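> Below you will find the structure I want to go over with you.
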Amino acid sequence: SWSSLDSFGRWKALHYAAGRFYAPVLLSLHDRGPLIDIHVTSDLQQPWAGTVRWSLETLGGEVVEKGEATVDAAPQADTHVRALDLTAHVNDENSRTLVFVAELWQGDQLVATAVSTFVPNKHLELADPQLHATVRSSGDGLAVYVSAATLARHVELAFAGADAVFSDNYFDIPAGRTRTVTAALPAGWSVAQAQDALQVRSLRDSYV
């Protein structure tokens, strides 16, 4: 099926992905092996300013090279931010253990994250990301803080025994980072019940 919702109205991975690729300000990577172009596309009607911070790093988070660039995104246009040639650092021997991470910031707010690999997912030497998730009360709902020791691809959140729509799902968490998402508190539940019912897994769990 091409549907992004199931027959019960629950969100599939595609529905969350659509929220990201239709975002008003989009961070994207045009990758051709070790040649990577960073783009920011804005649907806004006014200029947008921020910063892209990027790093070439191992799956475990050891930084090989990093940098940042100021972004002055033109309204309703694609802005080419930076062209990078990482040929000196990426080769056949290490391509399964390296990842390119770009983060788009506006002040101290993380707007978007983009991750590019140099081999298909099935060839990545993914380790157990040691996902850790904490649920806390946030306004009328919940905030879920998820961290990963090593790269976690396509992290999925769910509550056992209740359907939930999260502010984001099926996302990547590079090594050493923490992602924060929100959700409504299931009817009749306490925060402690939500913590106990929270299920967190990533791509690696699908084949080990």
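Chain labels run A, B, ... following the order of the structure tokens; each chain numbers its residues from 1, and ligands are numbered from 1 in the order shown.
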Contacts of A:Val165 at 9 Å or less, counting only C-alpha atoms, minus same-chain residues fewer than 4 places along, as a PyMOL selection string?

chain A and resi 10-11+158+169+182-184

> From the options A:Leu98, A:Leu86, A:Leu27, A:Ala112, which residue's atoms come nearest to A:Ala73, counting only C-alpha atoms?

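Smallest separation from A:Ala73 among the options: A:Leu27.
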
> For the structure I just gave you, how does DSSP split stretch 17-189 of chain A - specifically, which residues are strand (DSSP E or B)? Reply as a PyMOL selection string.

chain A and resi 25-32+35-42+48-58+63-73+77-85+98-106+109-117+132-138+141-147+152-159+162+166+171-173+178-184

> For stretch 33-104 of chain A against stretch 119-132 of chain A, with a cut-off of 8 Å and counting only C-alpha atoms, what is the closest atom pair and its distance in Å to one decimal for every residue that makes the cut, ordered by chain and number, as a tab-separated table?


residue	atom	partner	partner_atom	distance
A:Leu59	CA	A:Leu126	CA	7.1
A:Ser95	CA	A:Val119	CA	6.5
A:Arg96	CA	A:Leu124	CA	4.7
A:Thr97	CA	A:Glu125	CA	5.9

> Do you know which residues are at most 6 Å from stretch 40-47 of chain A counting only C-alpha atoms, after dropping those on the same chain fewer than 3 positions away, and could you put them as an MDAnalysis selection string?

chainID A and resid 24:27 73:79

> Please provide as a ChimeraX atom specification all residues within 12 Å of A:Glu62, with the sequence filter that same-chain residues fewer than 4 positions apart are discarded (counting only C-alpha atoms).

/A:55-58,66,97-101,149-151,174-176

> List every residue of stretch 143-167 of chain A that has an atom at most 6 Å from any atom of stretch 202-207 of chain A, giving for each one its closest atom pair and the distance in Å to one decimal, counting only C-alpha atoms, sorted by chain and then by ascending residue number, as CSV.


residue,atom,partner,partner_atom,distance
A:Arg153,CA,A:Leu203,CA,5.4
A:His154,CA,A:Ser202,CA,5.5
A:Val155,CA,A:Ser202,CA,4.3
A:Glu156,CA,A:Ser202,CA,6.0

> For N, CA, C and O atoms, I'd like the residues from the last selection saved as a JSON list (two decimals), in the first residue's frame.


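To be explicit, this is the file written out as out-v7.json:
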[["chain", "number", "residue", "atom", "x", "y", "z"],
["A", 153, "ARG", "N", 19.59, 4.25, 13.69],
["A", 153, "ARG", "CA", 18.85, 4.56, 12.46],
["A", 153, "ARG", "C", 17.38, 4.25, 12.65],
["A", 153, "ARG", "O", 17.00, 3.19, 13.16],
["A", 154, "HIS", "N", 16.52, 5.18, 12.22],
["A", 154, "HIS", "CA", 15.08, 4.97, 12.16],
["A", 154, "HIS", "C", 14.51, 4.52, 13.51],
["A", 154, "HIS", "O", 13.90, 3.46, 13.63],
["A", 155, "VAL", "N", 14.70, 5.35, 14.51],
["A", 155, "VAL", "CA", 14.22, 5.05, 15.85],
["A", 155, "VAL", "C", 12.70, 5.11, 15.88],
["A", 155, "VAL", "O", 12.09, 6.09, 15.45],
["A", 156, "GLU", "N", 12.10, 4.05, 16.40],
["A", 156, "GLU", "CA", 10.63, 3.96, 16.49],
["A", 156, "GLU", "C", 10.19, 4.00, 17.94],
["A", 156, "GLU", "O", 10.71, 3.26, 18.79]]

> Can you pull out the residues contacting A:Gly50? Cut-off 7 Å, using only C-alpha atoms, and skip same-chain residues under 3 positions away; I want them as a PyMOL selection string.

chain A and resi 70-72+105-107
